[in-house]
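Shown here: coords_39.cif, mmCIF, C-alpha atoms.
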```cif
data_work
loop_
_atom_site.group_PDB
_atom_site.id
_atom_site.type_symbol
_atom_site.label_atom_id
_atom_site.label_comp_id
_atom_site.auth_asym_id
_atom_site.auth_seq_id
_atom_site.Cartn_x
_atom_site.Cartn_y
_atom_site.Cartn_z
ATOM 1 C CA MET A 246 -0.264 -0.455 20.590
ATOM 2 C CA MET A 247 -0.295 0.504 16.914
ATOM 3 C CA ASP A 248 -3.667 0.771 15.211
ATOM 4 C CA ARG A 249 -3.985 -1.075 11.886
ATOM 5 C CA SER A 250 -5.053 2.185 10.184
ATOM 6 C CA ASP A 251 -1.638 3.712 11.058
ATOM 7 C CA LEU A 252 0.172 0.933 9.180
ATOM 8 C CA PHE A 253 0.656 -0.303 5.642
ATOM 9 C CA GLU A 254 1.249 -3.899 4.614
ATOM 10 C CA LEU A 255 4.888 -4.277 3.623
ATOM 11 C CA GLY A 256 4.680 -7.900 2.573
ATOM 12 C CA LYS A 257 4.468 -11.449 3.818
ATOM 13 C CA VAL A 258 6.717 -14.152 5.249
ATOM 14 C CA LEU A 259 6.953 -16.882 2.607
ATOM 15 C CA LYS A 260 9.029 -19.591 4.300
ATOM 16 C CA THR A 261 12.023 -20.361 6.457
ATOM 17 C CA PHE A 262 15.547 -20.129 5.094
ATOM 18 C CA GLY A 263 18.456 -22.149 6.453
ATOM 19 C CA SER A 264 18.749 -23.390 10.019
ATOM 20 C CA LYS A 265 19.526 -20.184 11.942
ATOM 21 C CA GLY A 266 16.008 -18.744 12.115
ATOM 22 C CA GLU A 267 16.004 -16.713 8.917
ATOM 23 C CA VAL A 268 12.919 -16.297 6.741
ATOM 24 C CA ILE A 269 12.270 -15.320 3.143
ATOM 25 C CA ILE A 270 9.817 -12.453 2.835
ATOM 26 C CA HIS A 271 7.988 -11.047 -0.160
ATOM 27 C CA LEU A 272 8.111 -7.234 -0.241
ATOM 28 C CA ASP A 273 4.905 -5.920 -1.816
ATOM 29 C CA VAL A 274 6.489 -2.585 -2.759
ATOM 30 C CA ASP A 275 7.724 -0.862 -5.919
ATOM 31 C CA THR A 276 11.275 -0.257 -4.675
ATOM 32 C CA PRO A 277 12.472 -2.980 -2.271
ATOM 33 C CA ASP A 278 15.901 -1.316 -1.988
ATOM 34 C CA LYS A 279 14.364 1.498 0.068
ATOM 35 C CA TYR A 280 13.721 -1.044 2.841
ATOM 36 C CA ARG A 281 17.271 -2.422 3.059
ATOM 37 C CA LYS A 282 17.954 -0.665 6.395
ATOM 38 C CA LEU A 283 14.772 -1.611 8.258
ATOM 39 C CA ASP A 284 15.303 -2.061 11.966
ATOM 40 C CA SER A 285 11.872 -3.427 12.882
ATOM 41 C CA VAL A 286 8.455 -4.469 11.561
ATOM 42 C CA PHE A 287 5.083 -5.403 12.967
ATOM 43 C CA ILE A 288 4.048 -8.991 12.312
ATOM 44 C CA ARG A 289 0.385 -9.993 12.372
ATOM 45 C CA PHE A 290 0.372 -13.079 14.517
ATOM 46 C CA ASN A 291 -2.912 -14.591 15.788
ATOM 47 C CA LYS A 292 -4.759 -11.343 14.878
ATOM 48 C CA SER A 293 -2.340 -9.227 16.955
ATOM 49 C CA LEU A 294 0.347 -6.885 15.641
ATOM 50 C CA ILE A 295 3.621 -7.642 17.384
ATOM 51 C CA PRO A 296 6.824 -5.619 16.869
ATOM 52 C CA PHE A 297 9.969 -7.554 15.950
ATOM 53 C CA PHE A 298 13.471 -6.169 15.628
ATOM 54 C CA ILE A 299 15.456 -7.077 12.534
ATOM 55 C CA GLU A 300 19.001 -8.358 13.028
ATOM 56 C CA SER A 301 19.770 -8.483 9.300
ATOM 57 C CA ILE A 302 18.048 -8.075 5.957
ATOM 58 C CA GLN A 303 19.370 -8.972 2.514
ATOM 59 C CA ILE A 304 17.331 -7.781 -0.467
ATOM 60 C CA LYS A 305 17.243 -10.446 -3.180
ATOM 61 C CA SER A 306 15.671 -10.422 -6.644
ATOM 62 C CA LYS A 307 11.946 -10.455 -7.428
ATOM 63 C CA ASN A 308 10.905 -8.406 -4.382
ATOM 64 C CA GLN A 309 12.234 -10.953 -1.931
ATOM 65 C CA ALA A 310 14.518 -10.570 1.046
ATOM 66 C CA ILE A 311 16.142 -12.861 3.595
ATOM 67 C CA VAL A 312 15.435 -11.570 7.078
ATOM 68 C CA LYS A 313 16.799 -12.572 10.481
ATOM 69 C CA PHE A 314 14.657 -11.393 13.390
ATOM 70 C CA GLN A 315 16.228 -10.800 16.785
ATOM 71 C CA ASP A 316 15.787 -13.742 19.202
ATOM 72 C CA VAL A 317 14.497 -16.065 16.451
ATOM 73 C CA ASP A 318 17.386 -18.498 16.272
ATOM 74 C CA THR A 319 16.090 -21.825 14.954
ATOM 75 C CA GLN A 320 14.226 -23.034 11.912
ATOM 76 C CA ASP A 321 11.353 -24.131 14.195
ATOM 77 C CA ASP A 322 11.106 -20.627 15.717
ATOM 78 C CA ALA A 323 11.089 -19.087 12.246
ATOM 79 C CA ALA A 324 8.511 -21.561 10.886
ATOM 80 C CA MET A 325 5.738 -20.027 13.010
ATOM 81 C CA PHE A 326 5.980 -16.822 10.917
ATOM 82 C CA SER A 327 5.255 -18.534 7.576
ATOM 83 C CA GLY A 328 2.288 -16.846 5.930
ATOM 84 C CA CYS A 329 2.228 -13.934 8.402
ATOM 85 C CA SER A 330 1.846 -10.389 7.057
ATOM 86 C CA LEU A 331 4.425 -7.692 7.819
ATOM 87 C CA PHE A 332 3.468 -4.076 8.509
ATOM 88 C CA LEU A 333 5.230 -0.733 8.904
ATOM 89 C CA PRO A 334 3.986 2.653 10.121
ATOM 90 C CA LEU A 335 2.721 4.899 7.319
ATOM 91 C CA SER A 336 5.474 7.345 8.319
ATOM 92 C CA LYS A 337 8.045 4.869 6.923
ATOM 93 C CA LEU A 338 6.644 5.104 3.384
ATOM 94 C CA PRO A 339 9.000 6.961 1.048
ATOM 95 C CA LYS A 340 7.517 10.370 0.163
ATOM 96 C CA LEU A 341 5.997 10.568 -3.310
ATOM 97 C CA SER A 342 5.681 13.683 -5.411
ATOM 98 C CA GLY A 343 4.104 14.808 -8.658
ATOM 99 C CA ASN A 344 1.255 12.589 -9.816
ATOM 100 C CA LYS A 345 2.483 9.558 -7.879
ATOM 101 C CA PHE A 346 0.497 8.786 -4.724
ATOM 102 C CA TYR A 347 -0.347 6.117 -2.189
ATOM 103 C CA TYR A 348 -3.962 5.014 -2.250
ATOM 104 C CA HIS A 349 -4.555 5.933 1.407
ATOM 105 C CA GLU A 350 -3.133 9.408 0.776
ATOM 106 C CA ILE A 351 -5.847 10.650 -1.614
ATOM 107 C CA VAL A 352 -8.939 9.467 0.241
ATOM 108 C CA GLY A 353 -10.987 12.600 0.927
ATOM 109 C CA PHE A 354 -9.506 14.560 -2.009
ATOM 110 C CA SER A 355 -11.968 16.513 -4.187
ATOM 111 C CA VAL A 356 -12.064 15.228 -7.753
ATOM 112 C CA VAL A 357 -12.209 17.765 -10.573
ATOM 113 C CA ASP A 358 -12.696 16.512 -14.120
ATOM 114 C CA THR A 359 -11.491 18.642 -17.063
ATOM 115 C CA GLN A 360 -14.961 18.432 -18.719
ATOM 116 C CA LYS A 361 -17.426 18.021 -15.823
ATOM 117 C CA GLY A 362 -15.746 20.098 -13.094
ATOM 118 C CA ASN A 363 -16.090 18.941 -9.473
ATOM 119 C CA ILE A 364 -17.483 15.401 -9.509
ATOM 120 C CA GLY A 365 -17.190 14.578 -5.815
ATOM 121 C CA THR A 366 -14.740 13.170 -3.284
ATOM 122 C CA VAL A 367 -12.483 10.105 -3.338
ATOM 123 C CA LYS A 368 -14.193 7.715 -0.917
ATOM 124 C CA ARG A 369 -11.641 4.924 -1.379
ATOM 125 C CA ILE A 370 -9.618 3.015 -3.952
ATOM 126 C CA LEU A 371 -11.093 -0.320 -5.005
ATOM 127 C CA GLU A 372 -8.334 -2.793 -5.793
ATOM 128 C CA LEU A 373 -10.071 -5.039 -8.293
ATOM 129 C CA PRO A 374 -8.283 -8.004 -9.912
ATOM 130 C CA THR A 375 -8.081 -6.302 -13.311
ATOM 131 C CA GLN A 376 -7.820 -2.610 -12.405
ATOM 132 C CA ALA A 377 -7.741 -0.284 -9.411
ATOM 133 C CA MET A 378 -10.630 2.198 -9.420
ATOM 134 C CA PHE A 379 -11.246 5.537 -7.737
ATOM 135 C CA GLU A 380 -14.566 5.268 -5.893
ATOM 136 C CA ILE A 381 -15.873 8.823 -5.998
ATOM 137 C CA GLU A 382 -18.827 9.908 -3.885
ATOM 138 C CA TYR A 383 -21.073 12.401 -5.676
ATOM 139 C CA GLY A 384 -24.129 13.160 -3.560
ATOM 140 C CA HIS A 385 -25.957 9.843 -3.263
ATOM 141 C CA LYS A 386 -24.239 8.440 -6.339
ATOM 142 C CA GLU A 387 -20.995 6.581 -6.813
ATOM 143 C CA ILE A 388 -18.670 7.165 -9.758
ATOM 144 C CA LEU A 389 -15.941 4.655 -10.609
ATOM 145 C CA VAL A 390 -12.923 5.875 -12.573
ATOM 146 C CA PRO A 391 -9.873 3.728 -13.436
ATOM 147 C CA VAL A 392 -6.626 4.599 -11.643
ATOM 148 C CA VAL A 393 -4.395 5.068 -14.705
ATOM 149 C CA ASP A 394 -1.729 7.634 -15.540
ATOM 150 C CA GLU A 395 -3.562 8.703 -18.715
ATOM 151 C CA ILE A 396 -6.581 9.887 -16.675
ATOM 152 C CA ILE A 397 -4.714 11.577 -13.796
ATOM 153 C CA VAL A 398 -3.901 15.156 -14.739
ATOM 154 C CA LYS A 399 -2.588 16.493 -11.422
ATOM 155 C CA VAL A 400 -2.397 15.516 -7.752
ATOM 156 C CA ASP A 401 -2.625 18.752 -5.751
ATOM 157 C CA ARG A 402 -1.644 17.681 -2.222
ATOM 158 C CA LYS A 403 -1.684 21.224 -0.808
ATOM 159 C CA ASN A 404 -5.347 21.822 -1.747
ATOM 160 C CA ARG A 405 -6.350 18.128 -1.591
ATOM 161 C CA ILE A 406 -7.584 18.082 -5.187
ATOM 162 C CA LEU A 407 -7.248 15.266 -7.710
ATOM 163 C CA ARG A 408 -7.585 16.614 -11.248
ATOM 164 C CA ILE A 409 -8.592 14.039 -13.856
ATOM 165 C CA ASP A 410 -9.516 13.832 -17.525
ATOM 166 C CA ALA A 411 -12.043 10.986 -17.613
ATOM 167 C CA PRO A 412 -12.781 9.315 -20.956
ATOM 168 C CA GLU A 413 -15.702 10.953 -22.759
ATOM 169 C CA GLY A 414 -19.049 9.639 -21.538
ATOM 170 C CA LEU A 415 -17.667 7.748 -18.511
ATOM 171 C CA ILE A 416 -18.943 10.112 -15.823
ATOM 172 C CA ASP A 417 -22.302 10.511 -17.624
ATOM 173 C CA LEU A 418 -22.880 6.745 -17.194
ATOM 174 C CA TYR A 419 -23.087 7.285 -13.433
ATOM 175 C CA LEU A 420 -25.021 10.571 -13.406
ATOM 176 C CA GLU A 421 -27.989 9.508 -15.562
#
```

Would you give me this structure, written as structure tokens?
Amino acid sequence: MMDRSDLFELGKVLKTFGSKGEVIIHLDVDTPDKYRKLDSVFIRFNKSLIPFFIESIQIKSKNQAIVKFQDVDTQDDAAMFSGCSLFLPLSKLPKLSGNKFYYHEIVGFSVVDTQKGNIGTVKRILELPTQAMFEIEYGHKEILVPVVDEIIVKVDRKNRILRIDAPEGLIDLYLE
């Protein structure tokens, strides 16, 4: 059985499509085309993660796809998936390079600011409605820094270091 921490949320089943058991899914990803050849997904159904094989998938516009799951052959069968979340193993994520990263990937990285030096470790990424924030643990203090390209100087995967250039005065707000 897959553990939830080994998976990422790919998207959600929106509604049924047609009468042959197909569903429309929303793909919560930057590049839906990279998922055009999926052969299976995990569906969260009644708090359990159940693997389903994909018979066909057609990527449509606006991060949507029409999916036909194996052995789901009627609209009634497909209707039970409406609103269910879809998951894939983290190993299925396309590899990122340079300063692009997945949030789960940088947890535990040391954070080095161009002015202040080492300011702690990435504890997690807070996904707030207006802005994602690095939650950085510095001793018994917490420092919040926006996740924006202008602040991220370098993602050093080999040494697990996130180099940033925080706006002047931001880090001082948390250290006083």

Check what the PyMOL selection byres ((chain A and resi 362) around 12) selects in the file above and give those residues as a ChimeraX atom specification.
-> /A:355-361,363-365,383,406-411,416

Grab the atom CA of Met378 of chain A to atom CA of Leu338 of chain A distance for me, in Å with one decimal place.
->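 Straight-line distance from atom CA of Met378 of chain A to atom CA of Leu338 of chain A works out to 21.7 Å.
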
Point out the residue among A:Thr319, A:Phe287, A:Lys368, A:Leu389 with the least atom-to-atom distance to His349 of chain A, counting all atoms listed in the file.
-> A:Lys368

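Atom CA of Val286 of chain A sits 25.0 Å away from atom CA of Val352 of chain A.
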
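Residues within 8 Å of Asn308 of chain A, counting all atoms listed in the file and excluding same-chain residues fewer than 6 positions away, are A:His271, A:Leu272, A:Asp273, A:Val274, A:Pro277.
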
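Summary of the local environment: counting only C-alpha atoms, residues at most 7 Å from Ile351 of chain A, other than itself and those fewer than 3 positions away along its chain, are Tyr348, Phe354 and Val367 of chain A.
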
Using all atoms listed in the file, the residue out of A:Ser336, A:Asn404, A:Ser285, A:Ser301 with shortest distance to Val268 of chain A is A:Ser301

Residue members of the PyMOL selection byres ((chain A and resi 257) around 10) in the file shown, as a ChimeraX atom specification = /A:254-256,258-260,269-273,288-289,309,326-332

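Atom pair atom CA of Phe379 of chain A / atom CA of Pro391 of chain A has a distance of 6.1 Å (rounded to one decimal).
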
Around all the atoms of segment 272-286 of chain A listed in the file, draw an axis-aligned box and extend it by 3 Å on each of the six sides; I want its centre and edge lengths in Å to one decimal, as lines of an AutoDock Vina configuration file.
```
center_x = 11.4
center_y = -2.9
center_z = 3.5
size_x = 19.0
size_y = 14.7
size_z = 24.8
```
